[in-house]
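Just below is one structure, and these are the notes that go with it.
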Amino acid sequence: MELDAVNVWMMVAAGLVLLMTPGVAFFYGGMTRITSSINMMMMVFSAMAMGGLVWVLFGYGLSSGDSVLGIFGNPLSQIGLADAVANEPEALISIGYGSTFAMIAIALIAGAVADRAKFSTWLVFAGLWVTVVYCPLAFMVWGDGLLSESGVIGSAFGPAIDFAGGTVVHINAGISALVLVVVMGRRARYSTPHKPHNIPITVLGAALLWFGWFGFNGGAASTIEQAGLIWVNTLAAPAAGMITWIAIERIRATRPSSIGSVSGAIAGLVAITPACANVEPYAAIIIGIAAGAGAVLAVEAKNRLRYDDALDVVGVHLVAGVIGTVMIGLFAVPSADSAAGLFHGGGLGLLVSQIVATVVALIYAGGVTLVIALALRKTMGLRIDPRDELAGIDAFEHAEQAYSFR
């Protein structure tokens, strides 16, 4: 079977999404303290490796095999992808594309627990989380699980729209990050706010993320018209999110910050991810504005509630992910494959479906992550000693430093 244009594009898109995880490493690494940047980048890259291994060994089967109670697929159906190689080798490209989503989902969580997580525990957490949180939720939404058209919840409330990972990636990672932060506790230096040690590296990471997001959203496009709509929406929403963050900073009589600007862009990207193929560009702009404003408010709320989400994973991914997922119920255009949103004559049906899917994702991911975190805290321990944290986690965990001036 010869390669066609669709397969070639999916391979390119998979490479773009793969690049996004190193983008996360730069984005997070620049925002940490100078004594934590190596550890943060190691956490992201190791999550990338762990996610890829789990996906190839049994994760793909968990997310796509024969249904087990509507919660996950049969992991034994694709051990080491042996069955795919033997019986459906033409599917390996899409299987590889799917692995990149598992990789970045777990990597996103790392930023919430900067400066204090035990690296060995993090590796175990990453493997467990991809296995029992990411893959089952992917099955529920994109496979034949509970939230699909044939699933118990999907058939009762209608199937939700999640084209590229609003629930499966961003809400999933965001609520998991919040749970892990609460269980792990605040950093030893929580009362002393830290400044990003290398802002240009963070901006570079944001650039890589925005670039890769065109593959993230567009890799599964099936027509020229759909691909074009996805491309424009992936441009418009983050642009609106960035300008919104800048405007809020100016209205509040502060100077526009580069960290805030790129965070607004990422929030817009997160929000348009589930909706990218189902809303018109004007709606993408509105979604981006809502996501940028929502992320600003969420970051401020974090400071008032005093939970130590070090790099604002909850505000940028959880809150923006919820905004984008729910707003599909307002702005989705009618199509042969999905219902229309409220503002396009579809009534409240799709909006209810989107809210139900959001709630299910929050409950499932949050609950299972809580069990994992409590078990690891009891056995391996979640964080390093506060004295080692104060001295610098890079030196303690990796015997390295980011910069040498000698």
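Naming works like this for the structure tokens: A, B, ... for the chains as they're shown, residue 1 at the start of each chain, ligands 1 onward in shown order.
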
Filtered DSSP result for stretch 181-346 of chain A, state helix (DSSP H, G or I), as a ChimeraX atom specification
/A:181-184,199-218,224-251,258-272,281-305,313-331,342-344

Would you mind listing what lies within 9 Å of A:Trp122 as a PyMOL selection string, with only C-alpha atoms counted and same-chain residues fewer than 5 positions away left out?
chain A and resi 43+46-47+110+117+127+382

Using only C-alpha atoms, pick whichever of A:Gly260, A:Gly367, A:Gly347, A:Gly329 has the shortest atom-to-atom distance to A:Ala160.
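Smallest separation from A:Ala160 among the options: A:Gly329.
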
Of the candidates A:Leu178, A:Ala227, A:Ala293, A:Leu146, which one gets nearest to A:Val68 if we count only C-alpha atoms?
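For A:Val68, the nearest of the candidates is A:Leu146.
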
Quick one, how far is atom CA of A:Trp129 from atom CA of A:Ile106?
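Going from atom CA of A:Trp129 over to atom CA of A:Ile106, I get 7.4 Å.
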
Per residue of stretch 230-310 of chain A within 10 Å of stretch 188-210 of chain A, note the shortest atom pair and the distance in Å to one decimal, counting only C-alpha atoms, and order the rows by chain and increasing residue number, as a Markdown table.
| residue | atom | partner | partner_atom | distance |
| --- | --- | --- | --- | --- |
| A:Thr234 | CA | A:Trp210 | CA | 8.4 |
| A:Leu235 | CA | A:Trp210 | CA | 8.6 |
| A:Pro238 | CA | A:Trp210 | CA | 8.3 |
| A:Ser258 | CA | A:Val203 | CA | 7.5 |
| A:Ile259 | CA | A:Ile199 | CA | 7.2 |
| A:Ser261 | CA | A:Val203 | CA | 9.3 |
| A:Val262 | CA | A:Ala206 | CA | 6.2 |
| A:Ser263 | CA | A:Ala206 | CA | 8.1 |
| A:Ala265 | CA | A:Trp210 | CA | 8.1 |
| A:Ile266 | CA | A:Ala206 | CA | 7.3 |
| A:Leu269 | CA | A:Trp210 | CA | 7.5 |
| A:Arg306 | CA | A:Tyr190 | CA | 9.1 |
| A:Tyr307 | CA | A:Tyr190 | CA | 9.6 |
| A:Asp308 | CA | A:Tyr190 | CA | 7.3 |
| A:Ala310 | CA | A:Tyr190 | CA | 9.0 |

Calculated over only C-alpha atoms, which of the candidates A:Ala13, A:Ala295, A:Ala49, A:Leu330 has the smallest distance to A:Ala271?
A:Ala295

Give me, as a list in words, all polymer residues having an atom no more than 8 Å from A:Gly268, counting only C-alpha atoms and skipping those fewer than 3 positions away in the same chain.
Ala237, Pro238, Ala239, Ala240, Gly241, Met242, Gly264, Ala265, Ala271, Ile272, Ile287, Gly288, Ile289, Ala291, Gly292 and Ala320 of chain A

Counting only C-alpha atoms, which of A:Leu376, A:Val169, A:Ala336, A:Val319 gets nearest to A:Leu297?
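Checking each of A:Leu376, A:Val169, A:Ala336, A:Val319 against A:Leu297, counting only C-alpha atoms, the winner is A:Val319.
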
With only C-alpha atoms as the basis for distance, which of A:Pro89, A:Gly70, A:Gly154, A:Gly366 is at the shortest distance from A:Gly349?
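Closest to A:Gly349, using only C-alpha atoms: A:Gly154.
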
I need the residue nearest A:Ser257 from this list: A:Trp245, A:Phe119, A:Tyr403, A:Phe157. Use only C-alpha atoms for the distance.
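Looking at the shortest contact to A:Ser257, the residue is A:Trp245.
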